[in-house]
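Participant: I'd like to ask some things about the structure below.
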Amino acid sequence: MTAAIWPLFDLHVSTPRLSLRYVTDDLAGELADLAAQGIHAPETMPFSEPWTDVPPPALQRDAVRYFWRCRADTTTERWTLNLAAHHRDGTLLGVCTLSAEHFPTTRTVTTGSWIGRRFQGRGLGREMRQAALHLIFAGLTGDTASTRAWHDNVASLRVTRSLPYTEQRSVREIRRDRPDTMLAFTMD
């Protein structure tokens with residue numbers, strides 16, 4: 001499929017060390033394989049949906065179907081944009097997701113992301129978030145960015161707290177079949 005048919009294929013944001021590009025079918029497969037190599041320690045679960053608990057190759061199939069579903073469900077009102085993060089040397093790092101409900105009215109976008117384990121701890125998550133925030137505010141003219149993380153997701157919380165977010169109230173949600181605390185943040 002070409003950008004003439006699906007213009008989002010041309011969407012990209014660049015920073016000094018990385019670029020975010022809309023996930024194509026080829027990138028979906030590469031991201032699925034990267035996820036299967038590991039995103040987090042097995043005893044932890046940084047995601048609301050425990051999709052990484054599924055063993056390969058089901059994990060890869062589920063990941064690719066997720067990317068397809070997000071593309072198929074995209075409208076001007078409700079969308080989920082998956083952006084593949086690449087290092088400036090071309091290495092695929094992970095994915096950054098921007099999602100919105102009623103965007104023309106609320107002008108609010110929620111972010112989420114993951115980076116392959118072998119690339120973590122280098123400040124790339126923060127730079128990826130900064131690129132996403134630039135796209136939200138400058139590119140999409142959003143008014144508010146929001147993000148969430150489990151109370152013990154140290155790496156994600158470190159990124160979030162290093163930026164000018166305001167912490168909102170925490171909520172109890174189900175995490176691997178048990179109640180746990182989710183922290184929420186917003187930035188105007």
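Chain labels follow the order of the structure tokens: the first chain is A, the next B, and so on; residue numbering restarts at 1 in every chain, and ligands are counted from 1 in their shown order.
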Check the DSSP output for the backbone and give back, as an MDAnalysis selection string, the residues of chain A in strand (DSSP E or B).
Facilitator: chainID A and resid 12:14 18:22 78:87 92:101 108:115 144:150 166:167 171:175 178:187
Participant: Name the residues in contact with region 134-144 of chain A at a cut-off of 7 Å, using only C-alpha atoms, excluding same-chain residues fewer than 2 positions from it; report them as a PDB file with all heavy atoms, in the first residue's frame.
Facilitator:
```
ATOM      1  N   ARG A 107      -9.103  17.330  21.817  1.00  0.00           N
ATOM      2  CA  ARG A 107      -7.702  17.706  21.504  1.00  0.00           C
ATOM      3  C   ARG A 107      -6.733  17.041  22.492  1.00  0.00           C
ATOM      4  O   ARG A 107      -5.680  17.577  22.808  1.00  0.00           O
ATOM      5  CB  ARG A 107      -7.490  19.224  21.520  1.00  0.00           C
ATOM      6  CG  ARG A 107      -8.484  20.052  20.725  1.00  0.00           C
ATOM      7  CD  ARG A 107      -8.597  19.699  19.292  1.00  0.00           C
ATOM      8  NE  ARG A 107      -7.376  19.974  18.527  1.00  0.00           N
ATOM      9  CZ  ARG A 107      -7.220  19.620  17.267  1.00  0.00           C
ATOM     10  NH1 ARG A 107      -8.167  18.968  16.633  1.00  0.00           N
ATOM     11  NH2 ARG A 107      -6.106  19.886  16.638  1.00  0.00           N
ATOM     12  N   THR A 108      -7.088  15.844  22.988  1.00  0.00           N
ATOM     13  CA  THR A 108      -6.273  15.108  23.953  1.00  0.00           C
ATOM     14  C   THR A 108      -5.738  13.842  23.311  1.00  0.00           C
ATOM     15  O   THR A 108      -6.482  13.118  22.644  1.00  0.00           O
ATOM     16  CB  THR A 108      -7.114  14.749  25.194  1.00  0.00           C
ATOM     17  OG1 THR A 108      -7.541  15.974  25.812  1.00  0.00           O
ATOM     18  CG2 THR A 108      -6.321  13.931  26.194  1.00  0.00           C
ATOM     19  N   VAL A 109      -4.457  13.584  23.541  1.00  0.00           N
ATOM     20  CA  VAL A 109      -3.795  12.401  22.998  1.00  0.00           C
ATOM     21  C   VAL A 109      -3.093  11.665  24.133  1.00  0.00           C
ATOM     22  O   VAL A 109      -2.437  12.280  24.972  1.00  0.00           O
ATOM     23  CB  VAL A 109      -2.760  12.779  21.909  1.00  0.00           C
ATOM     24  CG1 VAL A 109      -2.063  11.545  21.369  1.00  0.00           C
ATOM     25  CG2 VAL A 109      -3.427  13.571  20.776  1.00  0.00           C
ATOM     26  N   GLN A 130       9.650  12.695  23.946  1.00  0.00           N
ATOM     27  CA  GLN A 130       9.747  14.091  23.505  1.00  0.00           C
ATOM     28  C   GLN A 130       9.310  14.232  22.052  1.00  0.00           C
ATOM     29  O   GLN A 130       8.616  15.189  21.698  1.00  0.00           O
ATOM     30  CB  GLN A 130      11.171  14.612  23.697  1.00  0.00           C
ATOM     31  CG  GLN A 130      11.531  14.808  25.154  1.00  0.00           C
ATOM     32  CD  GLN A 130      13.005  15.118  25.352  1.00  0.00           C
ATOM     33  OE1 GLN A 130      13.882  14.484  24.770  1.00  0.00           O
ATOM     34  NE2 GLN A 130      13.279  16.107  26.191  1.00  0.00           N
ATOM     35  N   ALA A 131       9.700  13.292  21.205  1.00  0.00           N
ATOM     36  CA  ALA A 131       9.279  13.326  19.798  1.00  0.00           C
ATOM     37  C   ALA A 131       7.764  13.194  19.701  1.00  0.00           C
ATOM     38  O   ALA A 131       7.112  13.910  18.929  1.00  0.00           O
ATOM     39  CB  ALA A 131       9.973  12.219  19.010  1.00  0.00           C
ATOM     40  N   ALA A 132       7.186  12.291  20.503  1.00  0.00           N
ATOM     41  CA  ALA A 132       5.738  12.111  20.500  1.00  0.00           C
ATOM     42  C   ALA A 132       5.029  13.378  20.971  1.00  0.00           C
ATOM     43  O   ALA A 132       4.020  13.795  20.389  1.00  0.00           O
ATOM     44  CB  ALA A 132       5.359  10.930  21.394  1.00  0.00           C
ATOM     45  N   SER A 146      -1.603  12.878  27.625  1.00  0.00           N
ATOM     46  CA  SER A 146      -1.734  12.091  28.852  1.00  0.00           C
ATOM     47  C   SER A 146      -0.939  10.800  28.713  1.00  0.00           C
ATOM     48  O   SER A 146      -0.660  10.341  27.605  1.00  0.00           O
ATOM     49  CB  SER A 146      -3.206  11.790  29.167  1.00  0.00           C
ATOM     50  OG  SER A 146      -3.761  10.936  28.196  1.00  0.00           O
ATOM     51  N   THR A 186      -0.900  14.174  33.095  1.00  0.00           N
ATOM     52  CA  THR A 186      -1.299  14.977  31.946  1.00  0.00           C
ATOM     53  C   THR A 186      -0.330  16.138  31.765  1.00  0.00           C
ATOM     54  O   THR A 186       0.366  16.551  32.720  1.00  0.00           O
ATOM     55  CB  THR A 186      -2.721  15.555  32.094  1.00  0.00           C
ATOM     56  OG1 THR A 186      -2.772  16.363  33.257  1.00  0.00           O
ATOM     57  CG2 THR A 186      -3.762  14.442  32.151  1.00  0.00           C
ATOM     58  N   MET A 187      -0.292  16.662  30.562  1.00  0.00           N
ATOM     59  CA  MET A 187       0.516  17.839  30.240  1.00  0.00           C
ATOM     60  C   MET A 187      -0.304  18.694  29.263  1.00  0.00           C
ATOM     61  O   MET A 187      -0.855  18.178  28.314  1.00  0.00           O
ATOM     62  CB  MET A 187       1.830  17.413  29.565  1.00  0.00           C
ATOM     63  CG  MET A 187       2.705  18.574  29.140  1.00  0.00           C
ATOM     64  SD  MET A 187       4.096  18.082  28.072  1.00  0.00           S
ATOM     65  CE  MET A 187       4.965  16.919  29.092  1.00  0.00           C
ATOM     66  N   ASP A 188      -0.361  19.993  29.546  1.00  0.00           N
ATOM     67  CA  ASP A 188      -1.050  20.922  28.641  1.00  0.00           C
ATOM     68  C   ASP A 188      -0.016  21.615  27.773  1.00  0.00           C
ATOM     69  O   ASP A 188       1.130  21.775  28.173  1.00  0.00           O
ATOM     70  CB  ASP A 188      -1.831  21.971  29.424  1.00  0.00           C
ATOM     71  CG  ASP A 188      -2.968  21.330  30.201  1.00  0.00           C
ATOM     72  OD1 ASP A 188      -3.487  20.296  29.756  1.00  0.00           O
ATOM     73  OD2 ASP A 188      -3.319  21.857  31.265  1.00  0.00           O
TER      74      ASP A 188
END
```
Participant: Using only C-alpha atoms, determine which residues lie at most 12 Å from Leu124 (chain A), disregarding the query and same-chain residues fewer than 3 positions distant; provide the list as an MDAnalysis selection string.
Facilitator: chainID A and resid 15:20 85:88 92:96 113:121 127:131 155:156 159
Participant: Write to file, as a compact mmCIF listing (two decimals), in the first residue's frame, the residues of the selection just made, with N, CA, C and O atoms.
Facilitator:
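Contents of result24.txt, as written:
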```
# COMPACT_ATOMS: atom_id res chain seq x y z
N THR A 15 14.41 13.22 15.77
CA THR A 15 15.17 13.89 16.83
C THR A 15 16.64 13.65 16.52
O THR A 15 16.96 12.95 15.57
N PRO A 16 17.54 14.18 17.33
CA PRO A 16 18.96 13.93 17.05
C PRO A 16 19.35 12.45 17.01
O PRO A 16 20.21 12.06 16.22
N ARG A 17 18.72 11.61 17.84
CA ARG A 17 19.14 10.21 17.89
C ARG A 17 18.16 9.20 17.33
O ARG A 17 18.51 8.04 17.12
N LEU A 18 16.91 9.60 17.07
CA LEU A 18 15.95 8.61 16.59
C LEU A 18 14.89 9.23 15.71
O LEU A 18 14.77 10.45 15.63
N SER A 19 14.14 8.37 15.06
CA SER A 19 13.00 8.82 14.27
C SER A 19 11.81 7.91 14.58
O SER A 19 11.98 6.74 14.91
N LEU A 20 10.63 8.48 14.49
CA LEU A 20 9.39 7.75 14.65
C LEU A 20 8.71 7.73 13.28
O LEU A 20 8.56 8.79 12.66
N ALA A 85 10.02 3.23 16.33
CA ALA A 85 11.17 4.05 16.70
C ALA A 85 12.43 3.39 16.14
O ALA A 85 12.69 2.21 16.39
N HIS A 86 13.18 4.18 15.38
CA HIS A 86 14.46 3.73 14.82
C HIS A 86 15.58 4.61 15.35
O HIS A 86 15.42 5.83 15.43
N HIS A 87 16.70 4.00 15.68
CA HIS A 87 17.91 4.75 16.01
C HIS A 87 18.41 5.41 14.73
O HIS A 87 18.10 4.96 13.63
N ARG A 88 19.19 6.46 14.87
CA ARG A 88 19.72 7.15 13.68
C ARG A 88 20.55 6.22 12.79
O ARG A 88 20.70 6.47 11.60
N LEU A 92 16.01 -0.80 14.62
CA LEU A 92 14.66 -0.72 15.16
C LEU A 92 14.72 -0.85 16.67
O LEU A 92 15.30 -1.80 17.20
N LEU A 93 14.12 0.11 17.39
CA LEU A 93 14.20 0.17 18.86
C LEU A 93 12.94 -0.28 19.57
O LEU A 93 13.00 -0.86 20.64
N GLY A 94 11.78 0.06 19.02
CA GLY A 94 10.51 -0.21 19.69
C GLY A 94 9.39 0.54 19.02
O GLY A 94 9.47 0.88 17.84
N VAL A 95 8.36 0.83 19.79
CA VAL A 95 7.18 1.48 19.24
C VAL A 95 6.65 2.53 20.22
O VAL A 95 6.73 2.36 21.43
N CYS A 96 6.14 3.60 19.66
CA CYS A 96 5.46 4.64 20.42
C CYS A 96 4.05 4.75 19.87
O CYS A 96 3.87 4.84 18.65
N SER A 113 4.37 3.39 25.10
CA SER A 113 5.53 2.98 24.31
C SER A 113 6.23 1.78 24.92
O SER A 113 5.99 1.44 26.08
N TRP A 114 7.07 1.17 24.13
CA TRP A 114 7.99 0.15 24.64
C TRP A 114 9.25 0.15 23.77
O TRP A 114 9.21 0.56 22.61
N ILE A 115 10.33 -0.27 24.40
CA ILE A 115 11.63 -0.37 23.73
C ILE A 115 12.18 -1.77 24.03
O ILE A 115 12.04 -2.26 25.16
N GLY A 116 12.80 -2.38 23.04
CA GLY A 116 13.43 -3.67 23.26
C GLY A 116 14.41 -3.61 24.42
O GLY A 116 15.09 -2.60 24.61
N ARG A 117 14.47 -4.67 25.21
CA ARG A 117 15.29 -4.66 26.43
C ARG A 117 16.74 -4.26 26.19
O ARG A 117 17.33 -3.55 26.99
N ARG A 118 17.30 -4.72 25.09
CA ARG A 118 18.72 -4.45 24.87
C ARG A 118 19.02 -2.98 24.57
O ARG A 118 20.16 -2.56 24.58
N PHE A 119 17.96 -2.18 24.33
CA PHE A 119 18.15 -0.75 24.05
C PHE A 119 17.77 0.14 25.23
O PHE A 119 17.88 1.36 25.15
N GLN A 120 17.31 -0.45 26.31
CA GLN A 120 16.84 0.33 27.45
C GLN A 120 18.01 0.89 28.25
O GLN A 120 19.12 0.38 28.20
N GLY A 121 17.73 1.96 28.99
CA GLY A 121 18.72 2.56 29.87
C GLY A 121 19.67 3.52 29.18
O GLY A 121 20.69 3.90 29.76
N GLU A 127 13.70 10.44 24.82
CA GLU A 127 13.76 11.13 23.53
C GLU A 127 12.57 10.73 22.65
O GLU A 127 12.01 11.56 21.94
N MET A 128 12.16 9.47 22.75
CA MET A 128 10.99 9.02 22.01
C MET A 128 9.74 9.75 22.50
O MET A 128 8.92 10.20 21.71
N ARG A 129 9.60 9.88 23.81
CA ARG A 129 8.46 10.61 24.37
C ARG A 129 8.49 12.07 23.95
O ARG A 129 7.44 12.65 23.63
N GLN A 130 9.65 12.70 23.95
CA GLN A 130 9.75 14.09 23.50
C GLN A 130 9.31 14.23 22.05
O GLN A 130 8.62 15.19 21.70
N ALA A 131 9.70 13.29 21.20
CA ALA A 131 9.28 13.33 19.80
C ALA A 131 7.76 13.19 19.70
O ALA A 131 7.11 13.91 18.93
N ALA A 155 11.14 2.75 35.12
CA ALA A 155 11.69 3.37 33.92
C ALA A 155 10.68 4.33 33.28
O ALA A 155 11.02 5.47 32.93
N SER A 156 9.44 3.89 33.14
CA SER A 156 8.41 4.74 32.54
C SER A 156 8.14 5.97 33.41
O SER A 156 8.03 7.09 32.91
N VAL A 159 10.88 8.58 33.03
CA VAL A 159 10.71 9.38 31.82
C VAL A 159 9.62 10.42 32.03
O VAL A 159 9.81 11.61 31.77
```
Participant: If you run DSSP on the backbone here, which positions in region 7-100 of chain A get helix (DSSP H, G or I)? Please write them as a PyMOL selection string.
Facilitator: chain A and resi 7-10+25-36+51-53+58-72
Participant: Keeping only N, CA, C and O atoms, write the selected residues as a CSV table (one decimal), in the first residue's frame.
Facilitator:
```
chain,number,residue,atom,x,y,z
A,7,PRO,N,-2.2,8.1,3.6
A,7,PRO,CA,-1.2,9.1,3.9
A,7,PRO,C,-0.4,9.0,5.2
A,7,PRO,O,0.7,9.5,5.3
A,8,LEU,N,-0.9,8.3,6.1
A,8,LEU,CA,-0.2,8.1,7.4
A,8,LEU,C,1.2,7.4,7.2
A,8,LEU,O,2.1,7.5,8.0
A,9,PHE,N,1.3,6.7,6.1
A,9,PHE,CA,2.6,6.0,5.8
A,9,PHE,C,3.7,7.0,5.7
A,9,PHE,O,4.9,6.7,5.8
A,10,ASP,N,3.4,8.3,5.4
A,10,ASP,CA,4.4,9.3,5.3
A,10,ASP,C,4.7,10.0,6.6
A,10,ASP,O,5.6,10.9,6.7
A,25,ASP,N,3.2,-2.7,7.2
A,25,ASP,CA,3.1,-4.1,7.4
A,25,ASP,C,4.5,-4.7,7.7
A,25,ASP,O,4.7,-5.6,8.5
A,26,ASP,N,5.5,-4.3,6.9
A,26,ASP,CA,6.9,-4.8,7.1
A,26,ASP,C,7.4,-4.4,8.5
A,26,ASP,O,7.9,-5.3,9.2
A,27,LEU,N,7.2,-3.2,8.9
A,27,LEU,CA,7.6,-2.8,10.3
A,27,LEU,C,6.8,-3.5,11.4
A,27,LEU,O,7.4,-3.8,12.4
A,28,ALA,N,5.6,-3.8,11.1
A,28,ALA,CA,4.8,-4.6,12.1
A,28,ALA,C,5.4,-5.9,12.4
A,28,ALA,O,5.5,-6.3,13.5
A,29,GLY,N,5.8,-6.6,11.3
A,29,GLY,CA,6.5,-7.9,11.5
A,29,GLY,C,7.8,-7.8,12.2
A,29,GLY,O,8.1,-8.6,13.1
A,30,GLU,N,8.6,-6.7,11.9
A,30,GLU,CA,9.9,-6.5,12.6
A,30,GLU,C,9.7,-6.2,14.0
A,30,GLU,O,10.4,-6.7,14.9
A,31,LEU,N,8.7,-5.4,14.3
A,31,LEU,CA,8.4,-5.0,15.7
A,31,LEU,C,7.9,-6.2,16.5
A,31,LEU,O,8.3,-6.4,17.7
A,32,ALA,N,7.1,-7.1,15.9
A,32,ALA,CA,6.6,-8.3,16.5
A,32,ALA,C,7.8,-9.2,16.9
A,32,ALA,O,7.9,-9.7,18.0
A,33,ASP,N,8.8,-9.3,16.0
A,33,ASP,CA,10.0,-10.1,16.3
A,33,ASP,C,10.8,-9.5,17.4
A,33,ASP,O,11.3,-10.2,18.3
A,34,LEU,N,10.9,-8.1,17.4
A,34,LEU,CA,11.7,-7.4,18.4
A,34,LEU,C,11.0,-7.7,19.8
A,34,LEU,O,11.7,-7.9,20.8
A,35,ALA,N,9.7,-7.6,19.8
A,35,ALA,CA,8.9,-7.8,21.1
A,35,ALA,C,9.2,-9.2,21.6
A,35,ALA,O,9.3,-9.5,22.8
A,36,ALA,N,9.2,-10.2,20.7
A,36,ALA,CA,9.5,-11.6,21.1
A,36,ALA,C,10.8,-11.8,21.7
A,36,ALA,O,11.1,-12.7,22.5
A,51,TRP,N,-0.1,-8.6,27.0
A,51,TRP,CA,0.2,-9.2,25.7
A,51,TRP,C,1.5,-9.9,25.6
A,51,TRP,O,1.6,-10.8,24.8
A,52,THR,N,2.5,-9.5,26.4
A,52,THR,CA,3.8,-10.1,26.3
A,52,THR,C,3.9,-11.5,27.1
A,52,THR,O,4.9,-12.1,27.0
A,53,ASP,N,2.8,-11.8,27.8
A,53,ASP,CA,2.8,-13.1,28.5
A,53,ASP,C,2.5,-14.3,27.5
A,53,ASP,O,2.7,-15.4,27.8
A,58,ALA,N,2.8,-17.0,18.8
A,58,ALA,CA,1.5,-16.3,19.0
A,58,ALA,C,1.7,-14.9,19.4
A,58,ALA,O,0.9,-14.0,19.0
A,59,LEU,N,2.7,-14.5,20.1
A,59,LEU,CA,3.0,-13.2,20.5
A,59,LEU,C,3.2,-12.3,19.2
A,59,LEU,O,2.6,-11.2,19.1
A,60,GLN,N,3.9,-12.8,18.3
A,60,GLN,CA,4.1,-12.1,17.0
A,60,GLN,C,2.8,-11.9,16.2
A,60,GLN,O,2.5,-10.8,15.7
A,61,ARG,N,2.1,-13.0,16.1
A,61,ARG,CA,0.8,-12.9,15.4
A,61,ARG,C,-0.1,-11.9,16.0
A,61,ARG,O,-0.8,-11.1,15.4
A,62,ASP,N,-0.2,-12.0,17.4
A,62,ASP,CA,-1.1,-11.0,18.1
A,62,ASP,C,-0.6,-9.6,17.9
A,62,ASP,O,-1.5,-8.7,17.7
A,63,ALA,N,0.7,-9.4,17.9
A,63,ALA,CA,1.2,-8.0,17.8
A,63,ALA,C,0.9,-7.5,16.4
A,63,ALA,O,0.4,-6.3,16.2
A,64,VAL,N,1.1,-8.3,15.3
A,64,VAL,CA,0.8,-7.8,14.0
A,64,VAL,C,-0.7,-7.5,13.8
A,64,VAL,O,-1.1,-6.5,13.2
A,65,ARG,N,-1.6,-8.4,14.4
A,65,ARG,CA,-3.0,-8.2,14.3
A,65,ARG,C,-3.4,-6.9,15.0
A,65,ARG,O,-4.3,-6.2,14.6
A,66,TYR,N,-2.7,-6.6,16.1
A,66,TYR,CA,-3.0,-5.3,16.8
A,66,TYR,C,-2.7,-4.1,15.9
A,66,TYR,O,-3.5,-3.2,15.8
A,67,PHE,N,-1.5,-4.1,15.3
A,67,PHE,CA,-1.2,-3.0,14.4
A,67,PHE,C,-2.2,-2.9,13.2
A,67,PHE,O,-2.6,-1.8,12.9
A,68,TRP,N,-2.6,-4.0,12.7
A,68,TRP,CA,-3.6,-4.0,11.6
A,68,TRP,C,-4.9,-3.4,12.1
A,68,TRP,O,-5.6,-2.6,11.5
A,69,ARG,N,-5.4,-3.9,13.3
A,69,ARG,CA,-6.6,-3.4,13.9
A,69,ARG,C,-6.6,-1.9,14.1
A,69,ARG,O,-7.6,-1.2,13.8
A,70,CYS,N,-5.5,-1.4,14.6
A,70,CYS,CA,-5.4,0.0,14.9
A,70,CYS,C,-5.5,0.8,13.6
A,70,CYS,O,-6.3,1.8,13.5
A,71,ARG,N,-4.9,0.3,12.5
A,71,ARG,CA,-5.0,1.0,11.2
A,71,ARG,C,-6.4,0.9,10.7
A,71,ARG,O,-7.0,1.9,10.3
A,72,ALA,N,-7.0,-0.3,10.8
A,72,ALA,CA,-8.4,-0.4,10.3
A,72,ALA,C,-9.4,0.4,11.0
A,72,ALA,O,-10.4,0.9,10.4
```
Participant: What's the 10 Å shell around Ser99 (chain A), counting only C-alpha atoms, without same-chain residues fewer than 6 positions away, as a VMD selection string?
Facilitator: chain A and resid 70 74 78 to 82 108 to 112 145 to 146
Participant: Would you please work out which residue, of A:Asp180, A:Thr44, A:Leu157, A:Pro56, is nearest to Arg126 (chain A) when using only C-alpha atoms?
Facilitator: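 For Arg126 (chain A), the nearest of the candidates is A:Leu157.
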Participant: Name the closest residue to Pro179 (chain A) among the candidates A:Gly38, A:His151, A:Arg158, A:Glu167; distances are taken between atoms, counting only C-alpha atoms.
Facilitator: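 So, comparing all the options, the nearest one is A:His151.
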Participant: Given only C-alpha atoms as the basis, pick out the residue of A:Val54, A:Val154, A:Ile5, A:Ala149 nearest to Ser170 (chain A).
Facilitator: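 Looking only at the distances to Ser170 (chain A), the closest residue turns out to be A:Ala149.
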Participant: Mind pulling up the distance from CA of Phe185 (chain A) to CA of Leu163 (chain A)?
Facilitator: 10.5 Å
Participant: Using CA of Glu43 (chain A) and CA of Arg176 (chain A) as the two end points, give the distance in Å to one decimal.
Facilitator: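 Separation of CA of Glu43 (chain A) and CA of Arg176 (chain A): 10.8 Å.
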Participant: Between CA of Arg169 (chain A) and CA of Met182 (chain A), measure the distance and give it in Å to one decimal.
Facilitator: 9.0 Å
